[in-house]
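Asker: Pasting protein-v6.cif below, which is mmCIF, C-alpha atoms.
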```cif
data_work
loop_
_atom_site.group_PDB
_atom_site.id
_atom_site.type_symbol
_atom_site.label_atom_id
_atom_site.label_comp_id
_atom_site.auth_asym_id
_atom_site.auth_seq_id
_atom_site.Cartn_x
_atom_site.Cartn_y
_atom_site.Cartn_z
ATOM 1 C CA MET M 168 0.000 0.000 0.000
ATOM 2 C CA ASN M 169 1.314 3.480 -0.834
ATOM 3 C CA GLU M 170 1.771 5.671 2.198
ATOM 4 C CA LEU M 171 0.196 9.041 1.517
ATOM 5 C CA THR M 172 1.706 12.027 3.224
ATOM 6 C CA ASP M 173 -0.179 15.158 4.211
ATOM 7 C CA ASP M 174 1.704 16.855 1.372
ATOM 8 C CA SER M 175 -0.032 14.721 -1.241
ATOM 9 C CA VAL M 176 -3.420 15.529 0.314
ATOM 10 C CA LEU M 177 -2.575 19.228 0.333
ATOM 11 C CA ARG M 178 -1.398 19.054 -3.262
ATOM 12 C CA ALA M 179 -4.647 17.392 -4.313
ATOM 13 C CA LEU M 180 -6.653 20.037 -2.447
ATOM 14 C CA ARG M 181 -4.734 22.893 -4.055
ATOM 15 C CA GLN M 182 -5.269 21.422 -7.493
ATOM 16 C CA LEU M 183 -9.039 21.695 -7.200
ATOM 17 C CA PRO M 184 -10.279 23.729 -10.168
ATOM 18 C CA GLU M 185 -11.512 27.302 -9.697
ATOM 19 C CA VAL M 186 -14.974 28.207 -10.939
ATOM 20 C CA ALA M 187 -14.596 30.339 -14.067
ATOM 21 C CA PRO M 188 -15.987 33.900 -13.924
ATOM 22 C CA ASP M 189 -19.370 34.167 -15.564
ATOM 23 C CA GLU M 190 -21.153 37.377 -16.593
ATOM 24 C CA ALA M 191 -24.527 35.675 -16.097
ATOM 25 C CA PHE M 192 -23.709 35.376 -12.405
ATOM 26 C CA VAL M 193 -23.116 39.134 -12.175
ATOM 27 C CA THR M 194 -26.478 39.731 -13.845
ATOM 28 C CA ALA M 195 -28.210 37.318 -11.463
ATOM 29 C CA VAL M 196 -26.798 39.157 -8.440
ATOM 30 C CA SER M 197 -27.869 42.490 -9.960
ATOM 31 C CA LEU M 198 -31.425 41.219 -10.395
ATOM 32 C CA ARG M 199 -31.584 40.029 -6.789
ATOM 33 C CA ILE M 200 -30.312 43.382 -5.571
ATOM 34 C CA ARG M 201 -32.900 45.164 -7.693
ATOM 35 C CA ALA M 202 -35.686 43.006 -6.251
ATOM 36 C CA GLN M 203 -34.398 43.612 -2.732
ATOM 37 C CA ARG M 204 -34.304 47.351 -3.342
ATOM 38 C CA ARG M 205 -37.926 47.372 -4.541
ATOM 39 C CA GLN M 206 -39.042 45.437 -1.490
ATOM 40 C CA LEU M 207 -37.282 47.919 0.786
ATOM 41 C CA LEU M 208 -38.836 50.803 -1.107
ATOM 42 C CA ALA M 209 -42.286 49.246 -0.781
ATOM 43 C CA LEU M 210 -41.740 48.709 2.938
ATOM 44 C CA TYR M 211 -40.722 52.339 3.486
ATOM 45 C CA ALA M 212 -43.683 53.531 1.408
ATOM 46 C CA LEU M 213 -46.007 51.331 3.445
ATOM 47 C CA LEU M 214 -44.677 52.854 6.650
ATOM 48 C CA GLY M 215 -45.153 56.301 5.131
ATOM 49 C CA ILE M 216 -48.755 55.531 4.224
ATOM 50 C CA ALA M 217 -49.446 54.217 7.705
ATOM 51 C CA ALA M 218 -48.081 57.457 9.167
ATOM 52 C CA LEU M 219 -50.116 59.517 6.722
ATOM 53 C CA ALA M 220 -53.277 57.540 7.479
ATOM 54 C CA ALA M 221 -52.772 58.154 11.184
ATOM 55 C CA LEU M 222 -52.364 61.850 10.424
ATOM 56 C CA VAL M 223 -55.608 61.946 8.403
ATOM 57 C CA LEU M 224 -57.525 60.249 11.187
ATOM 58 C CA LEU M 225 -56.067 62.505 13.828
ATOM 59 C CA ALA M 226 -56.184 65.727 11.783
ATOM 60 C CA PRO M 227 -59.506 67.063 13.148
ATOM 61 C CA ALA M 228 -58.490 66.518 16.738
ATOM 62 C CA LEU M 229 -55.053 68.054 16.131
ATOM 63 C CA LEU M 230 -56.536 71.076 14.387
ATOM 64 C CA GLN M 231 -59.042 71.578 17.147
ATOM 65 C CA LEU M 232 -56.292 71.327 19.705
ATOM 66 C CA ALA M 233 -54.318 73.956 17.830
ATOM 67 C CA GLY M 234 -57.365 76.218 17.751
ATOM 68 C CA VAL M 235 -57.251 76.465 13.951
ATOM 69 C CA LEU M 236 -60.484 74.680 13.186
ATOM 70 C CA ALA M 237 -62.659 77.002 15.245
ATOM 71 C CA ALA M 238 -61.639 80.015 13.173
ATOM 72 C CA ALA M 239 -61.659 78.265 9.765
ATOM 73 C CA PRO M 240 -64.695 77.997 7.467
ATOM 74 C CA ALA M 241 -66.780 74.828 7.891
ATOM 75 C CA GLN M 242 -65.758 73.340 4.527
ATOM 76 C CA VAL M 243 -61.990 73.368 5.284
ATOM 77 C CA LEU M 244 -61.921 70.095 7.166
ATOM 78 C CA PRO M 245 -63.680 67.924 4.510
ATOM 79 C CA LEU M 246 -61.466 69.499 1.843
ATOM 80 C CA LEU M 247 -58.338 68.774 3.846
ATOM 81 C CA GLN M 248 -59.369 65.224 4.536
ATOM 82 C CA SER M 249 -60.297 64.443 0.943
ATOM 83 C CA THR M 250 -56.938 65.835 -0.217
ATOM 84 C CA LEU M 251 -55.098 63.632 2.261
ATOM 85 C CA TRP M 252 -57.124 60.564 1.285
ATOM 86 C CA MET M 253 -56.326 61.178 -2.389
ATOM 87 C CA THR M 254 -52.617 61.426 -1.541
ATOM 88 C CA LEU M 255 -52.936 58.208 0.384
ATOM 89 C CA ALA M 256 -54.634 56.458 -2.527
ATOM 90 C CA ALA M 257 -51.886 57.624 -4.916
ATOM 91 C CA CYS M 258 -49.188 56.259 -2.586
ATOM 92 C CA ALA M 259 -51.026 52.949 -2.333
ATOM 93 C CA ALA M 260 -51.185 52.727 -6.123
ATOM 94 C CA VAL M 261 -47.432 53.321 -6.398
ATOM 95 C CA ILE M 262 -46.736 50.641 -3.790
ATOM 96 C CA THR M 263 -48.984 48.166 -5.556
ATOM 97 C CA LEU M 264 -47.164 48.863 -8.800
ATOM 98 C CA LEU M 265 -43.752 48.389 -7.187
ATOM 99 C CA TRP M 266 -44.863 45.251 -5.409
ATOM 100 C CA THR M 267 -46.264 43.553 -8.499
ATOM 101 C CA ARG M 268 -43.096 44.375 -10.435
ATOM 102 C CA ARG M 269 -40.623 43.427 -7.683
ATOM 103 C CA ASP M 270 -39.359 40.317 -9.511
ATOM 104 C CA ALA M 271 -39.382 41.858 -12.991
ATOM 105 C CA MET Z 1231 -28.179 48.418 -9.843
ATOM 106 C CA THR Z 1232 -27.772 49.500 -13.391
ATOM 107 C CA ASP Z 1233 -27.742 47.056 -16.279
ATOM 108 C CA THR Z 1234 -24.525 45.319 -15.420
ATOM 109 C CA GLY Z 1235 -23.833 43.387 -18.551
ATOM 110 C CA ARG Z 1236 -20.939 45.721 -19.364
ATOM 111 C CA PRO Z 1237 -18.116 46.749 -17.049
ATOM 112 C CA ALA Z 1238 -18.173 50.491 -16.438
ATOM 113 C CA ALA Z 1239 -15.314 52.401 -18.004
ATOM 114 C CA GLY Z 1240 -12.414 52.942 -15.601
ATOM 115 C CA LEU Z 1241 -13.684 50.570 -12.934
ATOM 116 C CA HIS Z 1242 -12.153 47.587 -14.649
ATOM 117 C CA SER Z 1243 -8.618 48.785 -13.954
ATOM 118 C CA ALA Z 1244 -9.290 50.583 -10.657
ATOM 119 C CA ALA Z 1245 -7.761 49.345 -7.391
ATOM 120 C CA GLU Z 1246 -10.155 47.239 -5.347
ATOM 121 C CA THR Z 1247 -10.134 49.607 -2.371
ATOM 122 C CA VAL Z 1248 -11.335 52.387 -4.688
ATOM 123 C CA VAL Z 1249 -14.056 50.172 -6.118
ATOM 124 C CA VAL Z 1250 -15.143 49.160 -2.599
ATOM 125 C CA LEU Z 1251 -15.378 52.805 -1.535
ATOM 126 C CA LEU Z 1252 -17.423 53.664 -4.619
ATOM 127 C CA ALA Z 1253 -19.737 50.702 -4.030
ATOM 128 C CA ALA Z 1254 -20.170 51.667 -0.370
ATOM 129 C CA ALA Z 1255 -21.166 55.153 -1.547
ATOM 130 C CA GLY Z 1256 -23.994 53.590 -3.579
ATOM 131 C CA ASP Z 1257 -22.370 53.157 -6.982
ATOM 132 C CA ASP Z 1258 -24.111 50.148 -8.512
ATOM 133 C CA ALA Z 1259 -21.601 49.732 -11.332
ATOM 134 C CA ALA Z 1260 -18.815 49.567 -8.741
ATOM 135 C CA PHE Z 1261 -20.616 46.842 -6.823
ATOM 136 C CA ALA Z 1262 -21.138 44.902 -10.055
ATOM 137 C CA GLU Z 1263 -17.400 45.195 -10.654
ATOM 138 C CA LEU Z 1264 -16.752 43.734 -7.185
ATOM 139 C CA VAL Z 1265 -19.064 40.823 -7.992
ATOM 140 C CA ARG Z 1266 -17.228 40.376 -11.270
ATOM 141 C CA ARG Z 1267 -13.840 40.277 -9.534
ATOM 142 C CA ARG Z 1268 -14.765 38.192 -6.502
ATOM 143 C CA GLN Z 1269 -17.284 35.727 -7.899
ATOM 144 C CA SER Z 1270 -14.710 33.089 -8.777
ATOM 145 C CA PRO Z 1271 -13.154 32.602 -5.294
ATOM 146 C CA ILE Z 1272 -16.529 32.840 -3.534
ATOM 147 C CA ARG Z 1273 -18.276 30.385 -5.864
ATOM 148 C CA SER Z 1274 -15.295 28.019 -5.664
ATOM 149 C CA LEU Z 1275 -15.247 28.183 -1.870
ATOM 150 C CA LEU Z 1276 -18.975 27.496 -1.578
ATOM 151 C CA ARG Z 1277 -18.821 24.738 -4.175
ATOM 152 C CA ARG Z 1278 -16.193 22.990 -2.052
ATOM 153 C CA LEU Z 1279 -18.201 23.523 1.101
ATOM 154 C CA CYS Z 1280 -21.578 22.351 -0.165
ATOM 155 C CA GLY Z 1281 -20.521 20.040 -2.997
ATOM 156 C CA GLN Z 1282 -23.329 21.102 -5.362
ATOM 157 C CA ALA Z 1283 -22.798 23.607 -8.138
ATOM 158 C CA ALA Z 1284 -26.361 24.993 -8.274
ATOM 159 C CA LEU Z 1285 -26.670 25.335 -4.507
ATOM 160 C CA ALA Z 1286 -23.210 26.895 -4.304
ATOM 161 C CA ASP Z 1287 -24.182 29.521 -6.882
ATOM 162 C CA ASP Z 1288 -27.395 30.308 -5.011
ATOM 163 C CA LEU Z 1289 -25.482 30.712 -1.747
ATOM 164 C CA SER Z 1290 -22.893 32.833 -3.571
ATOM 165 C CA GLN Z 1291 -25.663 35.149 -4.771
ATOM 166 C CA GLN Z 1292 -26.992 35.389 -1.214
ATOM 167 C CA THR Z 1293 -23.450 36.191 -0.065
ATOM 168 C CA PHE Z 1294 -23.143 39.112 -2.477
ATOM 169 C CA LEU Z 1295 -26.654 40.304 -1.612
ATOM 170 C CA GLN Z 1296 -25.720 40.430 2.073
ATOM 171 C CA ALA Z 1297 -22.449 42.152 1.204
ATOM 172 C CA TRP Z 1298 -24.424 44.800 -0.704
ATOM 173 C CA GLN Z 1299 -26.708 45.325 2.307
ATOM 174 C CA ARG Z 1300 -23.840 45.611 4.801
ATOM 175 C CA LEU Z 1301 -21.148 47.269 2.719
ATOM 176 C CA LYS Z 1302 -21.492 50.556 4.599
ATOM 177 C CA THR Z 1303 -20.475 48.750 7.812
ATOM 178 C CA LEU Z 1304 -17.132 47.665 6.339
ATOM 179 C CA ARG Z 1305 -14.570 49.910 8.038
ATOM 180 C CA GLU Z 1306 -11.460 48.834 6.157
ATOM 181 C CA PRO Z 1307 -11.933 48.610 2.359
ATOM 182 C CA ALA Z 1308 -8.678 46.652 2.007
ATOM 183 C CA ALA Z 1309 -10.242 43.863 4.085
ATOM 184 C CA PHE Z 1310 -13.090 43.374 1.625
ATOM 185 C CA GLY Z 1311 -11.921 39.939 0.450
ATOM 186 C CA GLY Z 1312 -11.719 38.444 3.942
ATOM 187 C CA TRP Z 1313 -14.952 40.129 4.971
ATOM 188 C CA LEU Z 1314 -16.747 38.681 1.955
ATOM 189 C CA ARG Z 1315 -15.329 35.217 2.623
ATOM 190 C CA GLN Z 1316 -16.627 35.426 6.198
ATOM 191 C CA ILE Z 1317 -20.098 36.284 4.907
ATOM 192 C CA ALA Z 1318 -19.885 33.287 2.558
ATOM 193 C CA VAL Z 1319 -18.976 30.922 5.399
ATOM 194 C CA ASN Z 1320 -21.789 32.317 7.557
ATOM 195 C CA THR Z 1321 -24.229 31.964 4.650
ATOM 196 C CA TRP Z 1322 -23.260 28.314 4.361
ATOM 197 C CA PHE Z 1323 -23.689 27.791 8.109
ATOM 198 C CA SER Z 1324 -27.130 29.429 7.938
ATOM 199 C CA HIS Z 1325 -28.056 27.117 5.097
ATOM 200 C CA LEU Z 1326 -26.954 24.094 7.124
ATOM 201 C CA ARG Z 1327 -29.077 25.174 10.062
ATOM 202 C CA GLN Z 1328 -32.216 25.521 7.914
ATOM 203 C CA GLY Z 1329 -34.784 23.143 6.509
ATOM 204 C CA SER Z 1330 -33.778 19.615 5.662
ATOM 205 C CA HIS Z 1331 -30.276 20.237 6.921
ATOM 206 C CA THR Z 1332 -31.375 20.792 10.489
ATOM 207 C CA ALA Z 1333 -29.569 17.674 11.655
ATOM 208 C CA VAL Z 1334 -26.391 18.747 9.919
ATOM 209 C CA GLY Z 1335 -26.784 22.220 11.318
ATOM 210 C CA ALA Z 1336 -26.937 20.807 14.801
ATOM 211 C CA ALA Z 1337 -23.817 18.863 13.952
ATOM 212 C CA VAL Z 1338 -22.052 22.128 13.225
ATOM 213 C CA GLU Z 1339 -22.795 23.103 16.787
ATOM 214 C CA VAL Z 1340 -21.817 19.855 18.446
ATOM 215 C CA MET Z 1341 -19.162 18.935 15.871
ATOM 216 C CA GLU Z 1342 -20.410 15.371 15.648
ATOM 217 C CA LEU Z 1343 -21.821 13.439 12.698
ATOM 218 C CA ALA Z 1344 -22.172 9.763 11.987
ATOM 219 C CA ASP Z 1345 -19.342 8.197 9.998
ATOM 220 C CA PRO Z 1346 -20.339 8.295 6.296
ATOM 221 C CA GLY Z 1347 -19.225 4.674 5.815
ATOM 222 C CA PRO Z 1348 -16.705 3.057 3.489
ATOM 223 C CA VAL Z 1349 -15.349 5.054 0.574
ATOM 224 C CA ASP Z 1350 -16.629 4.191 -2.880
ATOM 225 C CA PRO Z 1351 -13.462 3.609 -4.980
ATOM 226 C CA ALA Z 1352 -15.182 5.022 -8.059
ATOM 227 C CA VAL Z 1353 -15.434 8.442 -6.481
ATOM 228 C CA ALA Z 1354 -12.596 8.302 -4.014
ATOM 229 C CA LEU Z 1355 -10.116 10.086 -6.236
ATOM 230 C CA ASP Z 1356 -12.487 12.945 -6.756
ATOM 231 C CA MET Z 1357 -11.305 15.280 -4.040
ATOM 232 C CA GLU Z 1358 -14.411 17.448 -4.170
ATOM 233 C CA ARG Z 1359 -16.564 14.452 -3.399
ATOM 234 C CA LEU Z 1360 -14.232 13.373 -0.629
ATOM 235 C CA LEU Z 1361 -14.483 16.845 0.830
ATOM 236 C CA ALA Z 1362 -18.262 16.545 0.773
ATOM 237 C CA ARG Z 1363 -17.961 13.413 2.897
ATOM 238 C CA LEU Z 1364 -16.179 15.253 5.699
ATOM 239 C CA LYS Z 1365 -18.137 16.536 8.670
ATOM 240 C CA PRO Z 1366 -19.174 20.141 7.952
ATOM 241 C CA ALA Z 1367 -16.990 21.574 10.698
ATOM 242 C CA GLU Z 1368 -13.929 19.670 9.483
ATOM 243 C CA ARG Z 1369 -14.716 20.480 5.860
ATOM 244 C CA VAL Z 1370 -14.852 24.220 6.392
ATOM 245 C CA CYS Z 1371 -11.612 24.184 8.378
ATOM 246 C CA VAL Z 1372 -9.773 22.010 5.828
ATOM 247 C CA VAL Z 1373 -10.976 24.107 2.895
ATOM 248 C CA LEU Z 1374 -10.112 27.409 4.551
ATOM 249 C CA ALA Z 1375 -6.690 26.138 5.667
ATOM 250 C CA HIS Z 1376 -5.495 24.151 2.684
ATOM 251 C CA VAL Z 1377 -7.413 25.571 -0.270
ATOM 252 C CA GLU Z 1378 -7.861 29.203 0.765
ATOM 253 C CA GLY Z 1379 -4.514 29.323 2.597
ATOM 254 C CA LEU Z 1380 -5.851 30.908 5.793
ATOM 255 C CA THR Z 1381 -3.937 30.625 9.055
ATOM 256 C CA HIS Z 1382 -5.591 28.954 12.030
ATOM 257 C CA PRO Z 1383 -6.279 32.278 13.810
ATOM 258 C CA GLU Z 1384 -7.850 33.618 10.600
ATOM 259 C CA ILE Z 1385 -10.093 30.542 10.397
ATOM 260 C CA ALA Z 1386 -11.033 31.028 14.037
ATOM 261 C CA THR Z 1387 -12.083 34.586 13.196
ATOM 262 C CA ALA Z 1388 -13.995 33.524 10.087
ATOM 263 C CA THR Z 1389 -15.892 30.738 11.835
ATOM 264 C CA GLY Z 1390 -16.145 32.155 15.333
ATOM 265 C CA TRP Z 1391 -14.752 28.941 16.803
ATOM 266 C CA PRO Z 1392 -11.967 28.658 19.387
ATOM 267 C CA LEU Z 1393 -8.443 28.292 17.987
ATOM 268 C CA GLY Z 1394 -7.996 24.841 19.526
ATOM 269 C CA THR Z 1395 -11.197 23.596 17.902
ATOM 270 C CA VAL Z 1396 -10.047 24.913 14.522
ATOM 271 C CA LYS Z 1397 -6.660 23.209 14.847
ATOM 272 C CA SER Z 1398 -8.192 19.868 15.748
ATOM 273 C CA HIS Z 1399 -10.699 20.096 12.872
ATOM 274 C CA VAL Z 1400 -7.927 20.822 10.379
ATOM 275 C CA LEU Z 1401 -5.836 17.913 11.694
ATOM 276 C CA ARG Z 1402 -8.713 15.438 11.837
ATOM 277 C CA GLY Z 1403 -10.130 16.482 8.468
ATOM 278 C CA THR Z 1404 -6.742 16.212 6.758
ATOM 279 C CA ALA Z 1405 -6.080 12.839 8.371
ATOM 280 C CA GLN Z 1406 -9.508 11.616 7.278
ATOM 281 C CA LEU Z 1407 -8.889 12.725 3.683
ATOM 282 C CA ARG Z 1408 -5.499 11.017 3.704
ATOM 283 C CA GLN Z 1409 -7.086 7.840 5.028
ATOM 284 C CA TRP Z 1410 -9.786 7.835 2.339
ATOM 285 C CA LEU Z 1411 -7.295 8.533 -0.428
ATOM 286 C CA GLN Z 1412 -5.048 5.778 0.878
ATOM 287 C CA ALA Z 1413 -7.946 3.328 1.042
ATOM 288 C CA SER Z 1414 -8.986 4.160 -2.501
ATOM 289 C CA GLN Z 1415 -5.433 3.726 -3.802
ATOM 290 C CA SER Z 1416 -5.126 0.329 -2.171
ATOM 291 C CA VAL Z 1417 -8.435 -0.743 -3.717
ATOM 292 C CA LEU Z 1418 -7.374 0.463 -7.152
ATOM 293 C CA SER Z 1419 -3.879 -1.068 -7.030
#
```
Once you've parsed the file, please lay out its structure as structure tokens.

Answerer:
Amino acid sequence: MNELTDDSVLRALRQLPEVAPDEAFVTAVSLRIRAQRRQLLALYALLGIAALAALVLLAPALLQLAGVLAAAPAQVLPLLQSTLWMTLAACAAVITLLWTRRDA
Amino acid sequence: MTDTGRPAAGLHSAAETVVVLLAAAGDDAAFAELVRRRQSPIRSLLRRLCGQAALADDLSQQTFLQAWQRLKTLREPAAFGGWLRQIAVNTWFSHLRQGSHTAVGAAVEVMELADPGPVDPAVALDMERLLARLKPAERVCVVLAHVEGLTHPEIATATGWPLGTVKSHVLRGTAQLRQWLQASQSVLS
């Protein structure tokens, strides 16, 4: 039986072939990063919408607290709220678009 | 990231520390250049650790994705290679601890696995397959020491294991490989 030394094992290990560079791999990583970025963007937008929704719901109370509402005409509050809800709906649409295209 | 099919002008010949700094500042083309430069050693390392080309490539992609997420935390750009290798090893450990590899993952913790049994002479000379037969803890230490050329303290840093544990894994793994190679040679002769 041949006696193998550690050197022959090390030599065999060092002769293992390297994986050749591949441009398709770079593209695959880029696509995963892009998808990750969209997900992060969607998450931040979702947090933004949640904050905005809270603001819309609390707006009357906040305005009353600040003493603004008492002096303002009666139609200001509905106008303000409808504007905020429209902003909210636009943000939701953008998020939906980003979310459905996250793997594109 | 921009369409990365083409290397950006200038980046191709730039020093790696410069490319790392640009990538950390959010330059997508610079990060693509880092992937281009470092994919070969990372994919080779993971292929030796997990023994499957497709899985190794998937784990390599996860490695680069994590590197992209954490690049701003890298304090020393010159250490990018070692830092990336550490992420790759951790990605492999995470994979071992998940799903169907739960038992193997536990083995990483306790450093014990059942003996894989006698060596098949038909595959014994294929070192990559022999590596795959080693216990995960021994495999990672042998690969990092003998293939990647890391010192024992560097392996201890990369794996988070005590130096003594690393040394014994390298010794036992190398001895096991020698034994398998010897057995296969005696069968073939």

Asker: Excluding stretch 1260-1264 of chain Z and any residue of its chain fewer than 3 positions from it, enumerate the residues within 9 Å of it, using all atoms listed in the file, and give them as a PDB file with C-alpha atoms, keeping the file's coordinate frame.

Answerer:
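The resulting part.pdb:
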```
ATOM      1  CA  VAL M 193     -23.116  39.134 -12.175  1.00  0.00           C
ATOM      2  CA  THR M 194     -26.478  39.731 -13.845  1.00  0.00           C
ATOM      3  CA  VAL M 196     -26.798  39.157  -8.440  1.00  0.00           C
ATOM      4  CA  SER M 197     -27.869  42.490  -9.960  1.00  0.00           C
TER       5      SER M 197
ATOM      6  CA  MET Z1231     -28.179  48.418  -9.843  1.00  0.00           C
ATOM      7  CA  THR Z1232     -27.772  49.500 -13.391  1.00  0.00           C
ATOM      8  CA  THR Z1234     -24.525  45.319 -15.420  1.00  0.00           C
ATOM      9  CA  PRO Z1237     -18.116  46.749 -17.049  1.00  0.00           C
ATOM     10  CA  ALA Z1238     -18.173  50.491 -16.438  1.00  0.00           C
ATOM     11  CA  LEU Z1241     -13.684  50.570 -12.934  1.00  0.00           C
ATOM     12  CA  HIS Z1242     -12.153  47.587 -14.649  1.00  0.00           C
ATOM     13  CA  GLU Z1246     -10.155  47.239  -5.347  1.00  0.00           C
ATOM     14  CA  VAL Z1248     -11.335  52.387  -4.688  1.00  0.00           C
ATOM     15  CA  VAL Z1249     -14.056  50.172  -6.118  1.00  0.00           C
ATOM     16  CA  VAL Z1250     -15.143  49.160  -2.599  1.00  0.00           C
ATOM     17  CA  LEU Z1251     -15.378  52.805  -1.535  1.00  0.00           C
ATOM     18  CA  LEU Z1252     -17.423  53.664  -4.619  1.00  0.00           C
ATOM     19  CA  ALA Z1253     -19.737  50.702  -4.030  1.00  0.00           C
ATOM     20  CA  ALA Z1254     -20.170  51.667  -0.370  1.00  0.00           C
ATOM     21  CA  GLY Z1256     -23.994  53.590  -3.579  1.00  0.00           C
ATOM     22  CA  ASP Z1257     -22.370  53.157  -6.982  1.00  0.00           C
ATOM     23  CA  ARG Z1267     -13.840  40.277  -9.534  1.00  0.00           C
ATOM     24  CA  ARG Z1268     -14.765  38.192  -6.502  1.00  0.00           C
ATOM     25  CA  GLN Z1269     -17.284  35.727  -7.899  1.00  0.00           C
ATOM     26  CA  TRP Z1298     -24.424  44.800  -0.704  1.00  0.00           C
TER      27      TRP Z1298
END
```

Asker: Taking the file as shown, what set of residues would the PyMOL selection byres ((chain M and resi 180-183) around 10) give back, as a PyMOL selection string?

Answerer: (chain M and resi 174-179+184-186) or (chain Z and resi 1274+1278+1356-1358+1361+1372-1373+1376-1379+1404+1407)

Asker: Could you state the separation of atom CA of Z:Leu1411 and atom CA of Z:Gln1282 in Å, given to one decimal place?

Answerer: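 Here the two named atoms are 21.0 Å from each other.
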
Asker: Which residues would end up in the selection if the PyMOL selection byres ((chain M and resi 265) around 12) were applied here, given that I need the answer as a PyMOL selection string?

Answerer: chain M and resi 201-213+258-264+266-271

Asker: Any idea what the distance is between atom CA of Z:Ala1297 and atom CA of Z:Gln1328?

Answerer: 20.4 Å

Asker: Nearest residue to chain M out of Z:Gly1240, Z:Ile1385, Z:Ala1375, Z:His1325, using all atoms listed in the file?

Answerer: Z:Ala1375

Asker: Quick one, how far is atom CA of Z:Gly1394 from atom CA of Z:Ala1318?

Answerer: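 Spanning atom CA of Z:Gly1394 to atom CA of Z:Ala1318 is a straight-line distance of 22.4 Å.
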
Asker: Quick check on the file I pasted: which residues fall under the PyMOL selection byres ((chain M and resi 217-225) around 12)? Write them as a compact mmCIF listing (two decimals) with C-alpha atoms, in the coordinates of the input.

Answerer:
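Printed below is out.txt as written:
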```
# COMPACT_ATOMS: atom_id res chain seq x y z
CA LEU M 210 -41.74 48.71 2.94
CA TYR M 211 -40.72 52.34 3.49
CA ALA M 212 -43.68 53.53 1.41
CA LEU M 213 -46.01 51.33 3.44
CA LEU M 214 -44.68 52.85 6.65
CA GLY M 215 -45.15 56.30 5.13
CA ILE M 216 -48.76 55.53 4.22
CA ALA M 226 -56.18 65.73 11.78
CA PRO M 227 -59.51 67.06 13.15
CA ALA M 228 -58.49 66.52 16.74
CA LEU M 229 -55.05 68.05 16.13
CA LEU M 230 -56.54 71.08 14.39
CA GLN M 231 -59.04 71.58 17.15
CA LEU M 232 -56.29 71.33 19.70
CA LEU M 244 -61.92 70.10 7.17
CA PRO M 245 -63.68 67.92 4.51
CA LEU M 246 -61.47 69.50 1.84
CA LEU M 247 -58.34 68.77 3.85
CA GLN M 248 -59.37 65.22 4.54
CA SER M 249 -60.30 64.44 0.94
CA THR M 250 -56.94 65.83 -0.22
CA LEU M 251 -55.10 63.63 2.26
CA TRP M 252 -57.12 60.56 1.28
CA MET M 253 -56.33 61.18 -2.39
CA THR M 254 -52.62 61.43 -1.54
CA LEU M 255 -52.94 58.21 0.38
CA ALA M 256 -54.63 56.46 -2.53
CA ALA M 257 -51.89 57.62 -4.92
CA CYS M 258 -49.19 56.26 -2.59
CA ALA M 259 -51.03 52.95 -2.33
```

Asker: At most 9 Å from (-13.8, 26.2, 7.2), file frame, all atoms listed in the file: which residues, as a PDB file with C-alpha atoms, in the frame of the given file?

Answerer:
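Produced file result23.pdb, reproduced below:
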```pdb
ATOM      1  CA  LEU Z1279     -18.201  23.523   1.101  1.00  0.00           C
ATOM      2  CA  VAL Z1319     -18.976  30.922   5.399  1.00  0.00           C
ATOM      3  CA  PRO Z1366     -19.174  20.141   7.952  1.00  0.00           C
ATOM      4  CA  ALA Z1367     -16.990  21.574  10.698  1.00  0.00           C
ATOM      5  CA  GLU Z1368     -13.929  19.670   9.483  1.00  0.00           C
ATOM      6  CA  ARG Z1369     -14.716  20.480   5.860  1.00  0.00           C
ATOM      7  CA  VAL Z1370     -14.852  24.220   6.392  1.00  0.00           C
ATOM      8  CA  CYS Z1371     -11.612  24.184   8.378  1.00  0.00           C
ATOM      9  CA  VAL Z1372      -9.773  22.010   5.828  1.00  0.00           C
ATOM     10  CA  VAL Z1373     -10.976  24.107   2.895  1.00  0.00           C
ATOM     11  CA  LEU Z1374     -10.112  27.409   4.551  1.00  0.00           C
ATOM     12  CA  ALA Z1375      -6.690  26.138   5.667  1.00  0.00           C
ATOM     13  CA  ILE Z1385     -10.093  30.542  10.397  1.00  0.00           C
ATOM     14  CA  ALA Z1386     -11.033  31.028  14.037  1.00  0.00           C
ATOM     15  CA  ALA Z1388     -13.995  33.524  10.087  1.00  0.00           C
ATOM     16  CA  THR Z1389     -15.892  30.738  11.835  1.00  0.00           C
ATOM     17  CA  VAL Z1396     -10.047  24.913  14.522  1.00  0.00           C
ATOM     18  CA  HIS Z1399     -10.699  20.096  12.872  1.00  0.00           C
ATOM     19  CA  VAL Z1400      -7.927  20.822  10.379  1.00  0.00           C
TER      20      VAL Z1400
END
```
